[in-house]
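Have a look at the structure below before the remarks.
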Amino acid sequence: MFLNRRTPELPTPEQALRGRPVPEFTVPSRHTVLGNPLVGPYPEGLEVADFALGCFWGAERKFWQTEGVWTTLVGYQGGYTENPTYEEACSGLTGHTEAVRVVFDPAVVSYEELLKLFWESHNPTQGFRQGNDVGTQYRSAIYTHSPAQAAAADASREAYQKVLTASGHKEITTEILLADGRPFWPAEAYHQQYLDKNPGGYCGIGGTGVSCPIGVAPVEG
């Protein structure tokens with residue numbers, strides 16, 4: 001049987017849904033597991049990191065289980081539509097990917113350690129899909145909040161590509177872009193900490209099985 005499936009494509013700004021100036025829903029005030037506020041401003045000394053690695057339900061759980069992470073929330077990032085809904089993001093007409101915002105204490109967990117978790121928790125070589133989840137909203141991405149984050153993300157991609165290539169994997173398709181100018185739009189309440197509320201719920205997160213060398217040993221040139 002042949003399935004007539006359209007190859008996912010990112011919309012242009014002109015093709016994207018317009019969105020709305022205010023969201024159609026409210027975001028819960030606190031994290032159901034960590035107990036801290038979801039939306040900033042955050043306490044002084046904490047840092048923000050944004051990652052996209054497939055369905056955000058399982059991705060968020062990976063990070064809230066990490067020591068030093070103060071709060072997490074899921075949302076939509078990297079597209080054009082203002083205050084999108086889940087249905088709009090899944091239509092492929094917003095340009096967004098499903099993302100996780102990670103607020104962390106750098107004195108406890110480093111950005112490099114979060115990058116290691118990011119790379120090892122999904123397959124970053126799959127383009128507009130993650131496992132059986134297909135669509136532009138499942139693409140792999142890192143949105144950086146400082147020059148230091150950008151440099152670390154680029155270095156980690158290069159290091160991981162070497163070990164992936166040695167293991168027979170394809171080229172990494174992860175986009176690494178500035179968060180500035182790419183707003184993070186929080187998702188609906190039922191998506192926040194979804195797998196805490198639904199322990200048996202769907203989790204499409206799965207890595208390549210290849211360890212990322214960040215923080216383990218220097219990668220030979």
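How things are named: the first chain in the structure tokens is A, the next is B, and so on; residues count from 1 in each chain; ligands count from 1 in the order shown.
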Using DSSP secondary structure from the backbone, list all helix (DSSP H, G or I) positions within stretch 49-216 of chain A, as a VMD selection string. chain A and resid 56 to 64 86 to 90 111 to 120 136 to 138 147 to 166 189 to 191 194 to 197
Selection above as a file: C-alpha atoms, as a short mmCIF file (atom, residue, chain, number, x, y, z; two decimals), in the first residue's frame:
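Contents of out-v7.cif, freshly written:
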```cif
data_model
loop_
_atom_site.label_atom_id
_atom_site.label_comp_id
_atom_site.auth_asym_id
_atom_site.auth_seq_id
_atom_site.Cartn_x
_atom_site.Cartn_y
_atom_site.Cartn_z
CA PHE A 56 7.54 18.14 24.23
CA TRP A 57 5.77 15.88 26.73
CA GLY A 58 8.66 13.47 27.14
CA ALA A 59 11.28 16.10 26.46
CA GLU A 60 10.12 18.23 29.38
CA ARG A 61 10.27 15.29 31.79
CA LYS A 62 13.92 14.65 30.87
CA PHE A 63 14.82 18.12 32.10
CA TRP A 64 12.64 18.42 35.21
CA TYR A 86 -1.44 23.46 19.69
CA GLU A 87 -3.69 22.73 16.75
CA GLU A 88 -2.14 25.58 14.78
CA ALA A 89 1.41 24.44 15.54
CA CYS A 90 0.53 20.90 14.49
CA TYR A 111 24.64 24.50 30.31
CA GLU A 112 27.05 21.94 28.83
CA GLU A 113 25.47 19.21 30.96
CA LEU A 114 22.04 20.23 29.67
CA LEU A 115 23.39 20.07 26.12
CA LYS A 116 24.62 16.54 26.76
CA LEU A 117 21.15 15.54 27.98
CA PHE A 118 19.61 17.22 24.94
CA TRP A 119 21.76 15.37 22.41
CA GLU A 120 21.45 11.97 24.07
CA THR A 136 8.03 20.50 11.17
CA GLN A 137 6.88 20.90 14.79
CA TYR A 138 9.10 17.94 15.76
CA PRO A 147 27.15 34.28 23.15
CA ALA A 148 28.45 31.73 25.66
CA GLN A 149 25.44 29.47 25.08
CA ALA A 150 25.82 29.82 21.30
CA ALA A 151 29.51 28.89 21.44
CA ALA A 152 28.82 25.91 23.71
CA ALA A 153 25.95 24.70 21.51
CA ASP A 154 28.06 24.92 18.34
CA ALA A 155 30.98 23.11 20.01
CA SER A 156 28.69 20.38 21.31
CA ARG A 157 27.16 19.82 17.87
CA GLU A 158 30.62 19.43 16.35
CA ALA A 159 31.73 17.03 19.08
CA TYR A 160 28.57 14.93 18.85
CA GLN A 161 28.70 14.81 15.06
CA LYS A 162 32.11 13.14 15.25
CA VAL A 163 30.89 10.30 17.44
CA LEU A 164 27.63 9.96 15.50
CA THR A 165 29.52 9.72 12.21
CA ALA A 166 31.85 7.12 13.69
CA ALA A 189 -2.23 24.13 30.50
CA TYR A 190 -2.83 20.45 29.74
CA HIS A 191 0.55 20.19 28.01
CA TYR A 194 1.83 16.30 30.91
CA LEU A 195 3.62 13.11 31.93
CA ASP A 196 3.34 14.00 35.61
CA LYS A 197 -0.43 14.32 35.23
#
```
Long-range neighbours of A:Arg139 as a list in words, 6 Å cut-off, only C-alpha atoms, 4 positions minimum in chain: Gly127, Phe128 and Arg129 of chain A
For stretch 25-31 of chain A, list every protein, DNA or RNA residue within 12 Å, evaluated using only C-alpha atoms, and leave out those in the same chain fewer than 4 positions away; present the list as a ChimeraX atom specification. /A:20,35-40,60-61,64,69-75,83-86,102-103,185-194,196-197
Output N, CA and C atoms of each residue in that selection to a file, as a tab-separated table (two decimals), in the first residue's frame.
```
chain	number	residue	atom	x	y	z
A	20	ARG	N	-2.51	35.94	17.09
A	20	ARG	CA	-3.33	36.87	17.87
A	20	ARG	C	-2.46	37.63	18.87
A	35	GLY	N	7.27	22.71	41.83
A	35	GLY	CA	6.59	23.67	42.69
A	35	GLY	C	6.93	25.12	42.45
A	36	ASN	N	7.79	25.41	41.50
A	36	ASN	CA	8.20	26.79	41.22
A	36	ASN	C	7.38	27.40	40.09
A	37	PRO	N	7.35	28.73	40.00
A	37	PRO	CA	6.59	29.38	38.93
A	37	PRO	C	7.05	28.95	37.55
A	38	LEU	N	6.11	28.87	36.62
A	38	LEU	CA	6.45	28.49	35.26
A	38	LEU	C	6.97	29.68	34.46
A	39	VAL	N	6.32	30.81	34.61
A	39	VAL	CA	6.63	31.97	33.79
A	39	VAL	C	7.41	32.99	34.61
A	40	GLY	N	8.40	33.64	33.99
A	40	GLY	CA	9.24	34.62	34.68
A	40	GLY	C	8.51	35.91	34.99
A	60	GLU	N	10.16	17.44	28.15
A	60	GLU	CA	10.12	18.23	29.38
A	60	GLU	C	10.49	17.38	30.59
A	61	ARG	N	9.99	16.16	30.64
A	61	ARG	CA	10.27	15.29	31.79
A	61	ARG	C	11.77	15.03	31.94
A	64	TRP	N	13.06	18.16	33.83
A	64	TRP	CA	12.64	18.42	35.21
A	64	TRP	C	13.21	17.37	36.16
A	69	VAL	N	17.77	21.96	37.89
A	69	VAL	CA	16.73	22.61	37.08
A	69	VAL	C	15.66	23.14	38.02
A	70	TRP	N	15.37	24.42	37.91
A	70	TRP	CA	14.46	25.10	38.83
A	70	TRP	C	13.01	25.02	38.37
A	71	THR	N	12.80	25.14	37.07
A	71	THR	CA	11.47	24.95	36.51
A	71	THR	C	11.59	24.64	35.03
A	72	THR	N	10.53	24.07	34.48
A	72	THR	CA	10.45	23.80	33.04
A	72	THR	C	9.05	24.14	32.57
A	73	LEU	N	8.92	24.49	31.31
A	73	LEU	CA	7.61	24.64	30.71
A	73	LEU	C	7.73	24.37	29.23
A	74	VAL	N	6.63	23.95	28.62
A	74	VAL	CA	6.65	23.62	27.20
A	74	VAL	C	5.93	24.71	26.41
A	75	GLY	N	6.32	24.82	25.15
A	75	GLY	CA	5.71	25.84	24.31
A	75	GLY	C	6.13	25.70	22.87
A	83	ASN	N	1.31	33.89	19.53
A	83	ASN	CA	0.41	33.18	20.45
A	83	ASN	C	-0.32	32.03	19.77
A	84	PRO	N	0.42	31.07	19.23
A	84	PRO	CA	-0.23	29.97	18.53
A	84	PRO	C	-0.91	29.00	19.49
A	85	THR	N	-1.83	28.22	18.95
A	85	THR	CA	-2.44	27.12	19.70
A	85	THR	C	-1.76	25.82	19.27
A	86	TYR	N	-2.02	24.77	20.02
A	86	TYR	CA	-1.44	23.46	19.69
A	86	TYR	C	-1.89	23.01	18.31
A	102	VAL	N	13.95	25.62	29.85
A	102	VAL	CA	14.58	25.07	31.05
A	102	VAL	C	15.21	26.21	31.83
A	103	VAL	N	14.76	26.42	33.05
A	103	VAL	CA	15.32	27.44	33.93
A	103	VAL	C	16.17	26.71	34.95
A	185	TRP	N	6.47	30.83	23.05
A	185	TRP	CA	5.05	30.99	23.39
A	185	TRP	C	4.62	29.78	24.22
A	186	PRO	N	4.30	29.95	25.52
A	186	PRO	CA	3.90	28.81	26.35
A	186	PRO	C	2.70	28.08	25.78
A	187	ALA	N	2.70	26.76	25.95
A	187	ALA	CA	1.61	25.93	25.46
A	187	ALA	C	0.47	25.90	26.47
A	188	GLU	N	-0.61	25.28	26.05
A	188	GLU	CA	-1.82	25.18	26.86
A	188	GLU	C	-1.55	24.45	28.18
A	189	ALA	N	-2.42	24.67	29.15
A	189	ALA	CA	-2.23	24.13	30.50
A	189	ALA	C	-2.09	22.61	30.49
A	190	TYR	N	-2.86	21.91	29.67
A	190	TYR	CA	-2.83	20.45	29.74
A	190	TYR	C	-1.52	19.87	29.21
A	191	HIS	N	-0.75	20.66	28.48
A	191	HIS	CA	0.55	20.19	28.01
A	191	HIS	C	1.65	20.35	29.06
A	192	GLN	N	1.46	21.28	29.99
A	192	GLN	CA	2.50	21.54	30.99
A	192	GLN	C	2.61	20.35	31.96
A	193	GLN	N	3.83	19.79	32.07
A	193	GLN	CA	4.08	18.62	32.91
A	193	GLN	C	3.08	17.49	32.61
A	194	TYR	N	2.84	17.28	31.34
A	194	TYR	CA	1.83	16.30	30.91
A	194	TYR	C	2.08	14.91	31.49
A	196	ASP	N	3.58	14.07	34.17
A	196	ASP	CA	3.34	14.00	35.61
A	196	ASP	C	1.85	13.78	35.86
A	197	LYS	N	1.02	14.46	35.09
A	197	LYS	CA	-0.43	14.32	35.23
A	197	LYS	C	-0.92	13.00	34.62
```
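Proximity of A:Tyr80, A:Arg18, A:His169, A:Val108 to A:Gly209, computed with only C-alpha atoms, is greatest for A:His169.
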DSSP on the backbone: what in stretch 19-209 of chain A comes out strand (DSSP E or B), as a PyMOL selection string? chain A and resi 19+30+37+47-52+69-77+82+97-104+129-130+133-134+141-144+175-178+185-186
Could you give me, as JSON lines, a per-residue list for stretch 175-208 of chain A showing, wherever an atom lies at most 10 Å from an atom of stretch 41-53 of chain A, the closest pair of atoms and their distance in Å to one decimal, using only C-alpha atoms and sorting by chain then residue number from low to high?
```
{"residue": "A:Glu175", "atom": "CA", "partner": "A:Ala52", "partner_atom": "CA", "distance": 9.4}
{"residue": "A:Ile176", "atom": "CA", "partner": "A:Phe51", "partner_atom": "CA", "distance": 9.5}
{"residue": "A:Leu178", "atom": "CA", "partner": "A:Asp50", "partner_atom": "CA", "distance": 9.9}
{"residue": "A:Ala179", "atom": "CA", "partner": "A:Asp50", "partner_atom": "CA", "distance": 7.8}
{"residue": "A:Phe184", "atom": "CA", "partner": "A:Asp50", "partner_atom": "CA", "distance": 8.4}
{"residue": "A:Gly204", "atom": "CA", "partner": "A:Leu53", "partner_atom": "CA", "distance": 9.8}
{"residue": "A:Ile205", "atom": "CA", "partner": "A:Leu53", "partner_atom": "CA", "distance": 7.8}
{"residue": "A:Gly206", "atom": "CA", "partner": "A:Leu53", "partner_atom": "CA", "distance": 9.5}
{"residue": "A:Gly207", "atom": "CA", "partner": "A:Leu53", "partner_atom": "CA", "distance": 9.8}
```
Mind writing the picked residues with N, CA, C and O atoms as a PDB file, in the first residue's frame?
```pdb
ATOM      1  N   GLU A 175      18.885  22.836  14.312  1.00  0.00           N
ATOM      2  CA  GLU A 175      19.152  24.245  14.066  1.00  0.00           C
ATOM      3  C   GLU A 175      19.554  24.900  15.378  1.00  0.00           C
ATOM      4  O   GLU A 175      18.952  24.656  16.420  1.00  0.00           O
ATOM      5  N   ILE A 176      20.634  25.679  15.327  1.00  0.00           N
ATOM      6  CA  ILE A 176      21.095  26.430  16.490  1.00  0.00           C
ATOM      7  C   ILE A 176      20.977  27.903  16.140  1.00  0.00           C
ATOM      8  O   ILE A 176      21.688  28.409  15.272  1.00  0.00           O
ATOM      9  N   LEU A 178      19.666  32.087  17.617  1.00  0.00           N
ATOM     10  CA  LEU A 178      19.459  32.976  18.750  1.00  0.00           C
ATOM     11  C   LEU A 178      17.999  32.948  19.188  1.00  0.00           C
ATOM     12  O   LEU A 178      17.087  32.969  18.349  1.00  0.00           O
ATOM     13  N   ALA A 179      17.780  32.924  20.496  1.00  0.00           N
ATOM     14  CA  ALA A 179      16.414  33.018  21.011  1.00  0.00           C
ATOM     15  C   ALA A 179      15.854  34.425  20.790  1.00  0.00           C
ATOM     16  O   ALA A 179      14.635  34.593  20.646  1.00  0.00           O
ATOM     17  N   PHE A 184       9.341  32.543  22.754  1.00  0.00           N
ATOM     18  CA  PHE A 184       8.842  31.269  23.273  1.00  0.00           C
ATOM     19  C   PHE A 184       7.406  31.500  23.720  1.00  0.00           C
ATOM     20  O   PHE A 184       7.160  32.274  24.638  1.00  0.00           O
ATOM     21  N   GLY A 204       7.393  10.022  23.073  1.00  0.00           N
ATOM     22  CA  GLY A 204       8.082   9.632  21.849  1.00  0.00           C
ATOM     23  C   GLY A 204       9.570   9.890  21.878  1.00  0.00           C
ATOM     24  O   GLY A 204      10.237   9.803  20.850  1.00  0.00           O
ATOM     25  N   ILE A 205      10.118  10.190  23.058  1.00  0.00           N
ATOM     26  CA  ILE A 205      11.529  10.548  23.158  1.00  0.00           C
ATOM     27  C   ILE A 205      12.395   9.294  23.176  1.00  0.00           C
ATOM     28  O   ILE A 205      12.152   8.355  23.937  1.00  0.00           O
ATOM     29  N   GLY A 206      13.407   9.282  22.326  1.00  0.00           N
ATOM     30  CA  GLY A 206      14.352   8.171  22.289  1.00  0.00           C
ATOM     31  C   GLY A 206      15.622   8.593  21.588  1.00  0.00           C
ATOM     32  O   GLY A 206      15.576   9.216  20.527  1.00  0.00           O
ATOM     33  N   GLY A 207      16.762   8.288  22.171  1.00  0.00           N
ATOM     34  CA  GLY A 207      18.034   8.718  21.619  1.00  0.00           C
ATOM     35  C   GLY A 207      18.629   7.725  20.638  1.00  0.00           C
ATOM     36  O   GLY A 207      18.019   6.701  20.297  1.00  0.00           O
TER      37      GLY A 207
END
```
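Comparing the minimum interatomic distances between A:Ser121 and each of A:Val33, A:Cys212, A:Ala16, A:Leu93, counting only C-alpha atoms, we find that A:Cys212 sits nearest.
You can rank A:Thr32, A:Val210, A:Gly54, A:Pro8 by their closest distance to A:Asn132 using only C-alpha atoms, and at the top of that list sits A:Gly54.
The shortest atom-to-atom distance to A:Thr97, with only C-alpha atoms taken into account, belongs to A:Leu10 out of A:Gln126, A:Glu171, A:Ser146, A:Leu10.
Nearest-residue note for A:Arg182: choosing from A:Thr81, A:Thr12, A:Gln130, A:Ser211, the minimum distance belongs to A:Thr81, counting only C-alpha atoms.
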As an exercise, work out the distance from atom CA of A:Asn123 to atom CA of A:Thr208 in Å and give it to one decimal place. 5.4 Å
